[in-house]
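Have a look at the structure below before the remarks.
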Amino acid sequence: MSQITDSAGAQAGAPRSVLGQLHDAITPRAVMIMVGVLLLQLAFALSYMGALHNPKPHKIALDIVAPTALASGLVEQINALPSQPLKATAVTTTVQAEKRLMDRSSSAALVVRPAAKADVLMIASAGGPSVAAATEQIVQKIEKAQRREIKVVDIHPPAKGDSNGVSSFYLVLSWTIGGYLAASALNMAAGSKRPTLKRTSVRLAAMVPYAFVSGIGGAIIVGPVLNCLPGAFWDLVGLGVLIVLAGATVGVALQSLAGTVGLGLTILTFTILGNPSSGGIYPSSLLPPFWAAIGQALPPGAGTTAVRNTVYFDGHDTAGAIWVLIAWVLGGVLVAMASALLRDRRRQSSTGPQSA
């Protein structure tokens, strides 16, 4: 009898196989999460490199100021260029062209001066140095073919602390990521449980002060601290609150709908798709069609446009971007509340009323 007991004890104490240890350490749930992370990683690489690896100009808005006898022919010539890198429009005066540059109706203006040695290309690189540089290269080729010279005049460059013109993008990036990570932190603090309607309401309410503090913090950093986006302090605070709330409410909504998978969906929407298409690095006129089409419909793109045009162009052409942000905030709130309400009703119908 003692021999049998000793033998069983020896078997129980024997080391498990490597496969057995792996099975205990890596559960099917862990494998699924790793697969999901891998897919996000590959999607990240595909989206960023697909959008940014080979920028090509397409229908960059260019105003033409020229004598009447030359204007229509030059507009037709430019609009007939292969792949349509520019979209030319004739305007009557230099003053009108400057106004259109500053209200974001155009990206550049070519002033043709037949009596002078050189024509003038007016740009406002605060709206995006990359599109200004692309326009300059194309116009230089056109002028060279006609044996003309060109003088570039930047009527509105970025601030000294924003020499590359990307501070707006990185500020919005910090706000969007902060918003959905705050939502994720609340979800994890609750043990990743699907929230009740009461808990969802509390989480959404908690995002408001967080967004306000985030807005102030971001505006302080880009203003008084770094001086890369000076001025319009309270306007930036307001935009920051709206952008953070967009990330936070959508984060709450998607995690309410799909649990941990919801965080992956949020990252897909805001970071993988939203950031490369936002126009922060290359504007939509330099992006491939897919990214150009979705950019301004997502919070990073709408936020970057709103911040850049608020700081540099007195708020021109920001209304559409602000409405996009409001729509995402309201959509996130509605989906989060509806999801929690339906879940509460299912629980009550199956198990009776439960406490929140």
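In the structure tokens, chains take letters A, B, ... by order of appearance, with residues numbered from 1 within each chain and ligands from 1 in the order shown.
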Which parts of region 1-236 of chain A does DSSP call alpha helix (DSSP H) when run on the backbone here, written out as JSON, numbers by chain?
{"A": [2, 3, 4, 5, 6, 7, 8, 9, 10, 11, 12, 13, 18, 19, 20, 21, 22, 23, 24, 25, 28, 29, 30, 31, 32, 33, 34, 35, 36, 37, 38, 39, 40, 41, 42, 43, 44, 45, 46, 47, 48, 49, 50, 51, 52, 68, 69, 70, 71, 72, 73, 74, 75, 76, 77, 78, 79, 94, 95, 96, 97, 98, 99, 100, 101, 102, 129, 130, 131, 132, 133, 134, 135, 136, 137, 138, 139, 140, 141, 142, 143, 144, 145, 167, 168, 169, 170, 171, 172, 173, 174, 175, 176, 177, 178, 179, 180, 181, 182, 183, 184, 185, 186, 187, 188, 189, 197, 198, 199, 200, 201, 202, 203, 204, 205, 206, 207, 208, 209, 210, 211, 212, 213, 214, 215, 216, 217, 218, 219, 220, 233, 234, 235, 236]}
Residues within 9 Å of Gln255 (chain A), only C-alpha atoms, excluding chain neighbours under 4 positions, as a count of residues only
15
Could you tell me, as a compact mmCIF listing (two decimals) with N, CA and C atoms, in the first residue's frame, which residues of region 130-253 of chain A DSSP assigns to strand (DSSP E) when given the backbone?
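Just written: selection-v1.txt:
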```
# COMPACT_ATOMS: atom_id res chain seq x y z
N GLU A 149 10.76 83.26 -64.66
CA GLU A 149 11.22 83.04 -63.30
C GLU A 149 10.06 83.23 -62.34
N ILE A 150 10.27 82.78 -61.12
CA ILE A 150 9.21 82.88 -60.12
C ILE A 150 9.79 83.37 -58.80
N LYS A 151 9.07 84.24 -58.15
CA LYS A 151 9.43 84.73 -56.82
C LYS A 151 8.36 84.25 -55.84
N VAL A 152 8.79 83.55 -54.79
CA VAL A 152 7.85 83.01 -53.81
C VAL A 152 7.73 83.97 -52.64
N VAL A 153 6.50 84.32 -52.30
CA VAL A 153 6.22 85.20 -51.16
C VAL A 153 5.31 84.47 -50.19
N ASP A 154 5.80 84.22 -49.00
CA ASP A 154 5.01 83.55 -47.97
C ASP A 154 4.33 84.63 -47.14
```
How close does each residue of region 271-350 of chain A get to region 105-112 of chain A, giving the shortest atom pair and distance in Å to one decimal for every residue with an atom at most 12 Å away, counting only C-alpha atoms, sorted by chain and residue number, as JSON lines?
```
{"residue": "A:Pro283", "atom": "CA", "partner": "A:Ser107", "partner_atom": "CA", "distance": 10.6}
{"residue": "A:Ser284", "atom": "CA", "partner": "A:Ser107", "partner_atom": "CA", "distance": 11.9}
{"residue": "A:Ser285", "atom": "CA", "partner": "A:Ser107", "partner_atom": "CA", "distance": 10.0}
{"residue": "A:Asn309", "atom": "CA", "partner": "A:Ser105", "partner_atom": "CA", "distance": 11.9}
{"residue": "A:Phe313", "atom": "CA", "partner": "A:Ser105", "partner_atom": "CA", "distance": 11.3}
{"residue": "A:His316", "atom": "CA", "partner": "A:Ser105", "partner_atom": "CA", "distance": 9.3}
{"residue": "A:Asp317", "atom": "CA", "partner": "A:Ser105", "partner_atom": "CA", "distance": 8.4}
```
Output file for the selection above: N, CA and C atoms, as a short mmCIF file (atom, residue, chain, number, x, y, z; two decimals), in the first residue's frame:
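Listing of result.cif after writing:
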```
data_model
loop_
_atom_site.label_atom_id
_atom_site.label_comp_id
_atom_site.auth_asym_id
_atom_site.auth_seq_id
_atom_site.Cartn_x
_atom_site.Cartn_y
_atom_site.Cartn_z
N PRO A 283 -1.55 67.30 -46.13
CA PRO A 283 -2.98 67.61 -46.28
C PRO A 283 -3.65 66.67 -47.27
N SER A 284 -4.98 66.72 -47.32
CA SER A 284 -5.73 65.78 -48.15
C SER A 284 -5.35 65.87 -49.62
N SER A 285 -4.91 67.04 -50.09
CA SER A 285 -4.54 67.19 -51.50
C SER A 285 -3.26 66.45 -51.85
N ASN A 309 -6.62 76.27 -38.20
CA ASN A 309 -7.30 77.44 -38.76
C ASN A 309 -7.70 78.44 -37.67
N PHE A 313 -5.61 81.37 -38.90
CA PHE A 313 -6.48 81.99 -39.92
C PHE A 313 -7.78 82.53 -39.33
N HIS A 316 -11.30 80.88 -39.76
CA HIS A 316 -11.95 80.62 -41.05
C HIS A 316 -11.96 79.11 -41.34
N ASP A 317 -13.05 78.66 -41.95
CA ASP A 317 -13.18 77.28 -42.41
C ASP A 317 -13.04 76.27 -41.25
#
```
Closest contacts (region 169-245 of chain A/region 156-159 of chain A, max 10 Å, only C-alpha atoms) as a Markdown table:
```
| residue | atom | partner | partner_atom | distance |
| --- | --- | --- | --- | --- |
| A:Asn227 | CA | A:Ala159 | CA | 8.1 |
| A:Cys228 | CA | A:Ala159 | CA | 6.1 |
| A:Leu229 | CA | A:Ala159 | CA | 6.8 |
| A:Pro230 | CA | A:Ala159 | CA | 7.6 |
```
Report as a VMD selection string all protein, DNA and RNA residues lying within 9 Å of region 49-57 of chain A, evaluated on only C-alpha atoms, omitting residues in the same chain fewer than 5 positions from it.
chain A and resid 44 83 to 86 131 134 to 135 276 to 277 281 to 282 284 to 288 290 to 292
With only C-alpha atoms as the basis for distance, which of A:Thr305, A:Ser350, A:Gln96, A:Gln41 is at the shortest distance from Gly280 (chain A)?
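Looking only at the distances to Gly280 (chain A), the closest residue turns out to be A:Thr305.
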For Ile272 (chain A), work out the shell of residues within 8 Å, counting only C-alpha atoms and skipping chain neighbours fewer than 3 positions away, then give it as a list in words.
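Result of the neighbour search: Leu40, Ala43, Phe44, Ser47, Tyr48, Ile267, Leu268, Thr269, Asn275 and Pro276 of chain A.
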Can you list, as a ChimeraX atom specification, every protein, DNA or RNA residue that comes within 8 Å of Met337 (chain A) when you count only C-alpha atoms, leaving out same-chain residues fewer than 2 positions away?
/A:197,200-201,253,333-335,339-341
Those same residues - N, CA and C atoms - I'd like them written as a PDB file, in the first residue's frame.
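The new file again-v2.pdb reads:
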```
ATOM      1  N   LEU A 197     -26.284  51.235 -16.754  1.00  0.00           N
ATOM      2  CA  LEU A 197     -26.631  52.586 -17.190  1.00  0.00           C
ATOM      3  C   LEU A 197     -26.114  53.623 -16.197  1.00  0.00           C
ATOM      4  N   THR A 200     -22.347  53.891 -16.596  1.00  0.00           N
ATOM      5  CA  THR A 200     -22.042  54.576 -17.853  1.00  0.00           C
ATOM      6  C   THR A 200     -22.236  56.075 -17.712  1.00  0.00           C
ATOM      7  N   SER A 201     -23.309  56.475 -17.053  1.00  0.00           N
ATOM      8  CA  SER A 201     -23.570  57.904 -16.838  1.00  0.00           C
ATOM      9  C   SER A 201     -22.454  58.534 -16.008  1.00  0.00           C
ATOM     10  N   ALA A 253     -18.252  54.277 -25.330  1.00  0.00           N
ATOM     11  CA  ALA A 253     -19.289  53.600 -26.114  1.00  0.00           C
ATOM     12  C   ALA A 253     -18.802  52.264 -26.665  1.00  0.00           C
ATOM     13  N   VAL A 333     -21.973  59.451 -26.767  1.00  0.00           N
ATOM     14  CA  VAL A 333     -22.879  59.473 -25.613  1.00  0.00           C
ATOM     15  C   VAL A 333     -24.115  58.619 -25.879  1.00  0.00           C
ATOM     16  N   LEU A 334     -24.728  58.805 -27.029  1.00  0.00           N
ATOM     17  CA  LEU A 334     -25.959  58.068 -27.346  1.00  0.00           C
ATOM     18  C   LEU A 334     -25.720  56.566 -27.407  1.00  0.00           C
ATOM     19  N   VAL A 335     -24.639  56.157 -28.076  1.00  0.00           N
ATOM     20  CA  VAL A 335     -24.358  54.722 -28.188  1.00  0.00           C
ATOM     21  C   VAL A 335     -24.042  54.124 -26.830  1.00  0.00           C
ATOM     22  N   SER A 339     -26.493  51.342 -25.250  1.00  0.00           N
ATOM     23  CA  SER A 339     -25.935  50.015 -25.003  1.00  0.00           C
ATOM     24  C   SER A 339     -26.149  49.591 -23.554  1.00  0.00           C
ATOM     25  N   ALA A 340     -25.878  50.508 -22.619  1.00  0.00           N
ATOM     26  CA  ALA A 340     -26.045  50.183 -21.200  1.00  0.00           C
ATOM     27  C   ALA A 340     -27.518  49.960 -20.856  1.00  0.00           C
ATOM     28  N   LEU A 341     -28.401  50.779 -21.427  1.00  0.00           N
ATOM     29  CA  LEU A 341     -29.823  50.639 -21.148  1.00  0.00           C
ATOM     30  C   LEU A 341     -30.357  49.285 -21.618  1.00  0.00           C
TER      31      LEU A 341
END
```
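In this comparison, which uses only C-alpha atoms, the residue of A:Pro289, A:Pro224, A:Gly332, A:Gly127 approaching Leu204 (chain A) most closely is A:Gly332.
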Do you know which residues are at most 10 Å from Thr318 (chain A) counting only C-alpha atoms, after dropping those on the same chain fewer than 5 positions away, and could you put them as a PyMOL selection string?
chain A and resi 104+302-310+313+323
Would you output that residue set with C-alpha atoms, as a PDB file, in the first residue's frame?
```
ATOM      1  CA  ARG A 104      -8.657  78.949 -46.731  1.00  0.00           C
ATOM      2  CA  ALA A 302     -11.412  67.629 -37.935  1.00  0.00           C
ATOM      3  CA  GLY A 303      -9.484  68.580 -34.798  1.00  0.00           C
ATOM      4  CA  THR A 304      -6.270  69.383 -36.667  1.00  0.00           C
ATOM      5  CA  THR A 305      -8.143  71.576 -39.150  1.00  0.00           C
ATOM      6  CA  ALA A 306     -10.008  73.382 -36.373  1.00  0.00           C
ATOM      7  CA  VAL A 307      -6.867  74.035 -34.319  1.00  0.00           C
ATOM      8  CA  ARG A 308      -4.698  75.116 -37.263  1.00  0.00           C
ATOM      9  CA  ASN A 309      -7.305  77.437 -38.756  1.00  0.00           C
ATOM     10  CA  THR A 310      -8.175  78.900 -35.355  1.00  0.00           C
ATOM     11  CA  PHE A 313      -6.480  81.986 -39.918  1.00  0.00           C
ATOM     12  CA  TRP A 323     -19.680  70.053 -36.229  1.00  0.00           C
TER      13      TRP A 323
END
```
Long-range neighbours of Ala232 (chain A) as a list in words, 10 Å cut-off, only C-alpha atoms, 3 positions minimum in chain:
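Once the nearby chain positions are removed, what remains is Ala219, Gly223, Leu229, Asp235, Leu236, Val237, Val307, Thr310, Val311, Tyr312, Asp314 and Gly315 of chain A.
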Output file for the selection above: N, CA and C atoms, as an mmCIF file, in the first residue's frame:
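The result, stored in again.cif:
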```cif
data_model
loop_
_atom_site.group_PDB
_atom_site.id
_atom_site.type_symbol
_atom_site.label_atom_id
_atom_site.label_comp_id
_atom_site.auth_asym_id
_atom_site.auth_seq_id
_atom_site.Cartn_x
_atom_site.Cartn_y
_atom_site.Cartn_z
ATOM 1 N N ALA A 219 -3.293 73.671 -24.061
ATOM 2 C CA ALA A 219 -3.155 75.069 -24.484
ATOM 3 C C ALA A 219 -1.981 75.747 -23.792
ATOM 4 N N GLY A 223 1.217 77.100 -25.877
ATOM 5 C CA GLY A 223 1.236 78.554 -25.789
ATOM 6 C C GLY A 223 2.376 79.067 -24.931
ATOM 7 N N LEU A 229 2.222 77.469 -30.704
ATOM 8 C CA LEU A 229 0.904 77.881 -31.216
ATOM 9 C C LEU A 229 0.421 79.044 -30.353
ATOM 10 N N ASP A 235 -9.737 79.731 -27.031
ATOM 11 C CA ASP A 235 -10.280 78.999 -28.181
ATOM 12 C C ASP A 235 -9.693 77.598 -28.236
ATOM 13 N N LEU A 236 -8.384 77.503 -27.982
ATOM 14 C CA LEU A 236 -7.737 76.192 -27.969
ATOM 15 C C LEU A 236 -8.259 75.334 -26.819
ATOM 16 N N VAL A 237 -8.496 75.959 -25.679
ATOM 17 C CA VAL A 237 -9.052 75.194 -24.552
ATOM 18 C C VAL A 237 -10.397 74.587 -24.945
ATOM 19 N N VAL A 307 -7.943 73.394 -35.082
ATOM 20 C CA VAL A 307 -6.867 74.035 -34.319
ATOM 21 C C VAL A 307 -6.007 74.906 -35.228
ATOM 22 N N THR A 310 -7.889 77.976 -36.455
ATOM 23 C CA THR A 310 -8.175 78.900 -35.355
ATOM 24 C C THR A 310 -6.946 79.723 -35.003
ATOM 25 N N VAL A 311 -5.797 79.059 -34.910
ATOM 26 C CA VAL A 311 -4.573 79.744 -34.504
ATOM 27 C C VAL A 311 -4.053 80.673 -35.596
ATOM 28 N N TYR A 312 -4.091 80.208 -36.846
ATOM 29 C CA TYR A 312 -3.411 80.939 -37.915
ATOM 30 C C TYR A 312 -4.336 81.736 -38.831
ATOM 31 N N ASP A 314 -7.705 82.988 -38.078
ATOM 32 C CA ASP A 314 -8.834 83.672 -37.432
ATOM 33 C C ASP A 314 -10.121 82.861 -37.451
ATOM 34 N N GLY A 315 -9.999 81.545 -37.417
ATOM 35 C CA GLY A 315 -11.176 80.690 -37.334
ATOM 36 C C GLY A 315 -11.891 80.438 -38.639
#
```
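Counting only C-alpha atoms and comparing A:Leu242, A:Ala258, A:Ile33, A:Leu342, the residue that lies closest to Ala321 (chain A) is A:Leu242.
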Nearest-residue call for Arg343 (chain A), choices A:Ile60, A:Leu257, A:Leu171, A:Ala189, using only C-alpha atoms:
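Comparing A:Ile60, A:Leu257, A:Leu171, A:Ala189 against Arg343 (chain A), the winner is A:Leu257.
Separating CA of Val120 (chain A) from CA of Ala66 (chain A) is a distance of 10.8 Å.
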